[in-house]
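Structure, as structure tokens:
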Amino acid sequence: MSAAVKDHVQNLATGEVAVQMVGVHKWYGEFHVLKDINLTVHHGERIVICGPSGSGKSTLIRCINRLEEHQKGQIVVQGTELTNDLKQIDAIRREVGMVFQQFNLFPHLTVLENCCLALIWVRKMPRKDAEEIAMKYLTRVRIPEQALKYPGQLSGGQQQRVAIARSLCMNPKVMLFDEPTSALDPEMIKEVLDVMIGLAEDGMTMLCVTHEMGFAQKVANRVIFMDLGEIVEQNTPTEFFNNPQSDRTKLFLSQILRH
Amino acid sequence: MSIATVSFEPKPSLPPPVATAGLLGWLRANLFSSWLNAAFTLATLYLLWRVLPPIFDWMIAEAVWVGDKTEECKNADETRKGGACWIYVRARVSGFMYGLYPYDLRWRVDLAGAVALALMVPVFIKAMPYRAIYGLAAILLVPALASLLFYGWYDFPPNVPEAQTHPWRVVETAKWGGLSLTLLIAWVGIGASLPIGVVLALGRRSKMPIVSALCVGFIELWRGVPLITVMFMSSVMLPLFLPEGVTFDKLLRALIGVTLFSAAYLAEVVRGGLQAIPRGQFEAASALGLSYPKSMALIVLPQALKIVIPGIVNSFIGLFKDTTLVAIIGMYDFLGAVALGNADPKWLGYAVEGYVFAALFYFVFCFSMSRYSLALERKLNTGHKR
């Protein structure tokens with residue numbers, strides 16, 4: 001671990017731990033997709049995870065809310081350990097928001113209903129209150145006027161912003177972003193990144209799998225580079241981009257920064 | 001000619017292309033676009049010209065519409081070319097509707113029909129709040145209410161005079177019949193088989209091997225036998241397996257058979273819909289903290305069922321027509337009642353009229369279902385194409 005990261009961790013040592021992964025392994029059949037992952041995320045930390053495709057970065061964050069099951073090791077989220085206990089899984093999912101590459105909005109519901117759904121059915125909130133909260137977050141992602149439309153009527157960027165608002169409605173303590181801009185047309189990437197930067201400025205704990213290196217440089221406290229299921233290197237963005245340690249990191253950076 | 005004096009004379013407009021609009025254009029484009037097409041058109045026209053007029057004559061022009069006695073059709077047969085004898089249908093229509101149900105109690109069937117209509121009307125009113133929930137309740141409530149009205153509740157011993165006269169005396173299910181029986185069976189079958197089918201479809205996709213194996217076994221068993229076999233089993237074989245003294249109603253057994261049979265087909269239709277829903281939908285629901293039943297009920301099933309509306313309605317139409325197979329076990333549904341009427345000694349020889357009437361009736365019902373499903377698909381379209 002580099003000195004910069006040590007300092008950073010020292011600074012955060014007083015803060016509470018949001019996510020802790022200790023010795024996490026996962027296999028898809030014979031394929032060893034996560035190898036001995038150790039990761040501690042403190043509250044308010046913004047972490048960008050990058051790496052070549054198939055390196056296990058999506059799987060890593062999907063383990064945090066149990067969309068994927070880890071087979072060895074320990075994952076503790078907000079003080080609750082992930083086990084097979086469905087109640088604990090649900091408790092963790094209520095605290096952890098997730099934004100997907102393909103948005104995964106519910107196409108049969110309006111934008112407003114998409115946002116209210118979990119408030120009403122998980123938080124047991126009256127519809128009126130839920131709609132108020134939903135409108136608050138739709139305003140925050142700057143599309144309150146689309147509330148009554150269906151997702152199919154929105155552009156990709158708008159849909160992804162709705163997806164972010166939908167997660168925020170549940171007031172999550174941690175947000176997971178799984179390549180949130182990879183399915184977007186280039187001109188729509190900025191509007192989504194702007195929303196994410198706004199979130200970061202408000203102190204949201206974020207784990208982002210992304211190839212947007214500009215975003216990483218701007219908002220991340222720490223960049224994690226994964227390859228072949230391992231965390232190869234983690235560092236502050238400045239150090240990571242200017243002074244990569246491992247050869248694999250250097251190769252990866254040379255490939256994505258070439259143009 | 002100097003440049004200054006050049007003037008641009010617009011050329012006259014071209015005439016419109018030869019008849020691409022209007023009736024002629026349509027005819028040209030659709031019926032006479034090539035020699036082969038034209039030949040087929042003419043052949044078809046000739047065929048229609050040969051077939052339609054006799055049908056029209058038989059059904060309408062030469063048919064006997066007024067009167068109430070069989071003689072009037074017989075006389076007409078001698079003077080005219082012999083059209084349909086619709087007065088036969090009119091004379092027997094009550095039998096078609098009620099089968100062997102006692103004459104003096106048919107108002108109870110009418111009442112059940114009126115209640116069903118009254119309960120279903122709000123389902124089709126757009127302003128009705130919670131329309132879907134209300135509709136589900138109505139679908140479940142109507143068969144129970146109707147069965148109660150059909151059956152009655154005072155069970156007299158046969159030697160008491162009330163056993164013949166009391167307005168609420170019990171009518172055994174063997175006496176139920178006609179269109180009212182057809183509608184009852186179809187209603188119960190449709191209302192009960194869809195939820196069972198959905199559960200079977202979800203079970204078949206379950207990760208738990210025993211649940212999934214049970215569902216697969218159930219579905220394949222019921223899909224693997226003809227409905228006639230199911231009917232026979234339920235009426236002839238099942239009583240042999242039941243312990244001594246245990247009986248349960250023949251109609252009930254038939255209903256269970258029809259329902260489970262249809263549920264097995266619906267399960268596969270619904271499974272097709274479930275497979276069309278991307279995994280991400282379920283993942284997004286899970287990530288929001290929705291439990292499995294809630295994500296299924298709120299996210300996955302509404303979308304899956306919407307996709308398979310055509311298949312579901314297809315199964316329902318099949319079920320509606322398959323109700324005629326209760327004739328196998330000696331129940332007189334609509335078609336059975338028509339067949340029964342054809343054997344009426346007063347009206348021998350008019351079976352064709354009876355069956356044509358039955359065919360029209362089935363067509364009207366099935367076609368309405370089909371149109372309703374199309375309207376429903378349009379209504380549920382939210383502009384999301386995948």
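Numbering starts fresh at 1 for the residues of each chain in the structure tokens, the chains themselves are lettered A, B, ... in the order given, and ligands are numbered from 1 as they appear.
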Nearby residues (only C-alpha atoms) at most 10 Å from His108 of chain A, same-chain spacing under 4 positions excluded, as number ranges by chain:
A: 113-114, 150-152; B: 298-300, 302-303, 306, 380-384
DSSP on the backbone: what in segment 41-267 of chain B comes out strand (DSSP E or B), as a list in words?
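Matching residues for strand (DSSP E or B) in segment 41-267 of chain B are Val64, Cys85, Tyr154, Arg169 and Gly177 of chain B.
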With a distance threshold of 6 Å and counting only C-alpha atoms, extract the residues of chain A near chain B and express them as a VMD selection string.
chain A and resid 90 93 to 94 104 152
Please dump the current selection as a compact mmCIF listing (two decimals), in the first residue's frame; keep C-alpha atoms.
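Written out: part.txt:
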# COMPACT_ATOMS: atom_id res chain seq x y z
CA ASP A 90 -33.06 -7.52 2.61
CA ARG A 93 -30.34 -4.11 0.18
CA ARG A 94 -32.39 -1.40 1.86
CA ASN A 104 -33.27 -1.64 -15.61
CA GLY A 152 -39.67 3.86 -23.00
Distance query Asn84 of chain A at most 12 Å, only C-alpha atoms, self and fewer than 2 positions along chain excluded, as number ranges by chain:
A: 65-66, 68-71, 75, 81-82, 86-90
Using only N, CA and C atoms, please write the residues we just selected to a file, as a short mmCIF file (atom, residue, chain, number, x, y, z; two decimals), in the first residue's frame.
data_model
loop_
_atom_site.label_atom_id
_atom_site.label_comp_id
_atom_site.auth_asym_id
_atom_site.auth_seq_id
_atom_site.Cartn_x
_atom_site.Cartn_y
_atom_site.Cartn_z
N ASN A 65 -24.34 -6.39 -2.63
CA ASN A 65 -25.77 -6.47 -2.29
C ASN A 65 -26.37 -7.83 -2.68
N ARG A 66 -25.49 -8.81 -2.76
CA ARG A 66 -25.94 -10.19 -2.92
C ARG A 66 -26.68 -10.46 -4.23
N GLU A 68 -24.84 -11.37 -6.50
CA GLU A 68 -24.01 -12.56 -6.67
C GLU A 68 -23.63 -13.05 -5.28
N GLU A 69 -23.53 -14.36 -5.16
CA GLU A 69 -23.19 -14.94 -3.87
C GLU A 69 -21.70 -15.24 -3.84
N HIS A 70 -21.02 -14.80 -2.75
CA HIS A 70 -19.60 -15.16 -2.63
C HIS A 70 -19.53 -16.51 -1.93
N GLN A 71 -18.48 -17.26 -2.24
CA GLN A 71 -18.43 -18.61 -1.70
C GLN A 71 -17.45 -18.76 -0.55
N ILE A 75 -18.23 -10.67 4.01
CA ILE A 75 -18.60 -9.33 3.56
C ILE A 75 -19.49 -8.71 4.63
N GLU A 81 -23.46 -8.64 8.51
CA GLU A 81 -22.74 -9.57 7.66
C GLU A 81 -23.69 -10.23 6.67
N LEU A 82 -23.22 -10.36 5.44
CA LEU A 82 -24.01 -11.03 4.40
C LEU A 82 -23.94 -12.53 4.60
N LEU A 86 -32.17 -14.44 4.60
CA LEU A 86 -32.86 -13.52 3.69
C LEU A 86 -33.16 -12.19 4.36
N LYS A 87 -33.43 -12.22 5.65
CA LYS A 87 -33.75 -10.96 6.36
C LYS A 87 -32.56 -10.02 6.33
N GLN A 88 -31.36 -10.60 6.55
CA GLN A 88 -30.16 -9.75 6.53
C GLN A 88 -29.88 -9.23 5.13
N ILE A 89 -30.12 -10.10 4.15
CA ILE A 89 -29.91 -9.65 2.76
C ILE A 89 -30.84 -8.48 2.46
N ASP A 90 -32.11 -8.62 2.86
CA ASP A 90 -33.06 -7.52 2.61
C ASP A 90 -32.65 -6.26 3.36
#
Leaving out Met170 of chain A and any residue of its chain fewer than 4 positions from it, which residues lie within 8 Å of it when counting only C-alpha atoms, given as a PyMOL selection string?
(chain A and resi 94-95+97+118-119+166) or (chain B and resi 288)
If you count only C-alpha atoms, which residues fall within 7 Å of Gln160 of chain A, apart from same-chain ones fewer than 4 positions away, as a PyMOL selection string?
chain A and resi 103+156+164+192
Could you write out the selected residues, including N, CA and C atoms, as an mmCIF file, in the first residue's frame?
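So the final result, stored in out06.cif, reads:
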data_model
loop_
_atom_site.group_PDB
_atom_site.id
_atom_site.type_symbol
_atom_site.label_atom_id
_atom_site.label_comp_id
_atom_site.auth_asym_id
_atom_site.auth_seq_id
_atom_site.Cartn_x
_atom_site.Cartn_y
_atom_site.Cartn_z
ATOM 1 N N PHE A 103 -29.760 0.367 -17.089
ATOM 2 C CA PHE A 103 -30.781 1.156 -16.363
ATOM 3 C C PHE A 103 -31.733 0.283 -15.560
ATOM 4 N N GLY A 156 -31.741 7.615 -23.237
ATOM 5 C CA GLY A 156 -30.910 6.796 -22.364
ATOM 6 C C GLY A 156 -30.392 7.560 -21.154
ATOM 7 N N ILE A 164 -30.997 6.567 -11.121
ATOM 8 C CA ILE A 164 -30.261 7.084 -9.960
ATOM 9 C C ILE A 164 -31.254 7.636 -8.937
ATOM 10 N N VAL A 192 -25.283 12.322 -16.980
ATOM 11 C CA VAL A 192 -25.305 11.317 -15.921
ATOM 12 C C VAL A 192 -24.123 11.524 -14.976
#
Write out as a list in words each polymer residue whose atoms come within 12 Å of segment 242-256 of chain A, counting only C-alpha atoms; drop sequence neighbours fewer than 6 positions from it.
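Counting only C-alpha atoms, the residues come to Met1, Ser2, Ala4, Cys50, Gly51, Pro52, Ser53, Ser55, Thr210, His211, Glu212, Met213, Gly214, Gln217, Val223, Ile224, Phe225, Met226, Asp227, Leu228, Glu230, Ile231, Val232, Glu233, Gln234, Asn235 and Thr236 of chain A.
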Could you give me, as a PyMOL selection string, the residues within 8 Å of Pro237 of chain A, counting only C-alpha atoms and dropping anything in the same chain fewer than 4 positions from it?
chain A and resi 216-217+220-223+241
Export of the given selection (all heavy atoms) as a tab-separated table (two decimals), in the first residue's frame:
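Below is the file part06.tsv, written as the result:
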chain	number	residue	atom	x	y	z
A	216	ALA	N	-13.03	9.58	-12.58
A	216	ALA	CA	-12.19	9.02	-11.52
A	216	ALA	C	-11.25	10.09	-10.98
A	216	ALA	O	-11.12	10.26	-9.77
A	216	ALA	CB	-11.41	7.82	-12.05
A	217	GLN	N	-10.62	10.83	-11.91
A	217	GLN	CA	-9.67	11.85	-11.47
A	217	GLN	C	-10.35	12.95	-10.67
A	217	GLN	O	-9.80	13.49	-9.73
A	217	GLN	CB	-8.97	12.46	-12.69
A	217	GLN	CG	-7.62	11.84	-12.91
A	217	GLN	CD	-7.08	12.07	-14.28
A	217	GLN	OE1	-7.82	12.32	-15.23
A	217	GLN	NE2	-5.77	11.98	-14.41
A	220	ALA	N	-12.84	10.62	-7.36
A	220	ALA	CA	-12.52	9.43	-6.56
A	220	ALA	C	-11.52	9.76	-5.46
A	220	ALA	O	-10.63	10.60	-5.62
A	220	ALA	CB	-11.96	8.34	-7.46
A	221	ASN	N	-11.66	9.11	-4.29
A	221	ASN	CA	-10.61	9.14	-3.28
A	221	ASN	C	-9.59	8.07	-3.59
A	221	ASN	O	-8.44	8.16	-3.21
A	221	ASN	CB	-11.14	8.81	-1.88
A	221	ASN	CG	-12.33	9.66	-1.52
A	221	ASN	OD1	-13.44	9.16	-1.46
A	221	ASN	ND2	-12.09	10.93	-1.30
A	222	ARG	N	-10.08	7.02	-4.23
A	222	ARG	CA	-9.24	5.85	-4.43
A	222	ARG	C	-9.63	5.19	-5.75
A	222	ARG	O	-10.82	5.10	-6.05
A	222	ARG	CB	-9.50	4.87	-3.29
A	222	ARG	CG	-8.36	3.95	-3.06
A	222	ARG	CD	-8.47	3.02	-1.90
A	222	ARG	NE	-9.54	3.12	-0.96
A	222	ARG	CZ	-9.96	2.07	-0.25
A	222	ARG	NH1	-9.40	0.89	-0.41
A	222	ARG	NH2	-10.94	2.19	0.62
A	223	VAL	N	-8.66	4.78	-6.50
A	223	VAL	CA	-8.93	4.03	-7.73
A	223	VAL	C	-8.40	2.62	-7.50
A	223	VAL	O	-7.28	2.42	-7.02
A	223	VAL	CB	-8.24	4.65	-8.95
A	223	VAL	CG1	-8.54	3.84	-10.20
A	223	VAL	CG2	-8.70	6.09	-9.14
A	241	PHE	N	-2.81	7.41	-11.77
A	241	PHE	CA	-2.65	7.74	-13.19
A	241	PHE	C	-1.23	8.16	-13.52
A	241	PHE	O	-0.73	7.89	-14.60
A	241	PHE	CB	-3.64	8.82	-13.60
A	241	PHE	CG	-5.05	8.34	-13.63
A	241	PHE	CD1	-5.99	8.78	-12.71
A	241	PHE	CD2	-5.45	7.39	-14.57
A	241	PHE	CE1	-7.29	8.31	-12.74
A	241	PHE	CE2	-6.75	6.91	-14.60
A	241	PHE	CZ	-7.66	7.38	-13.67
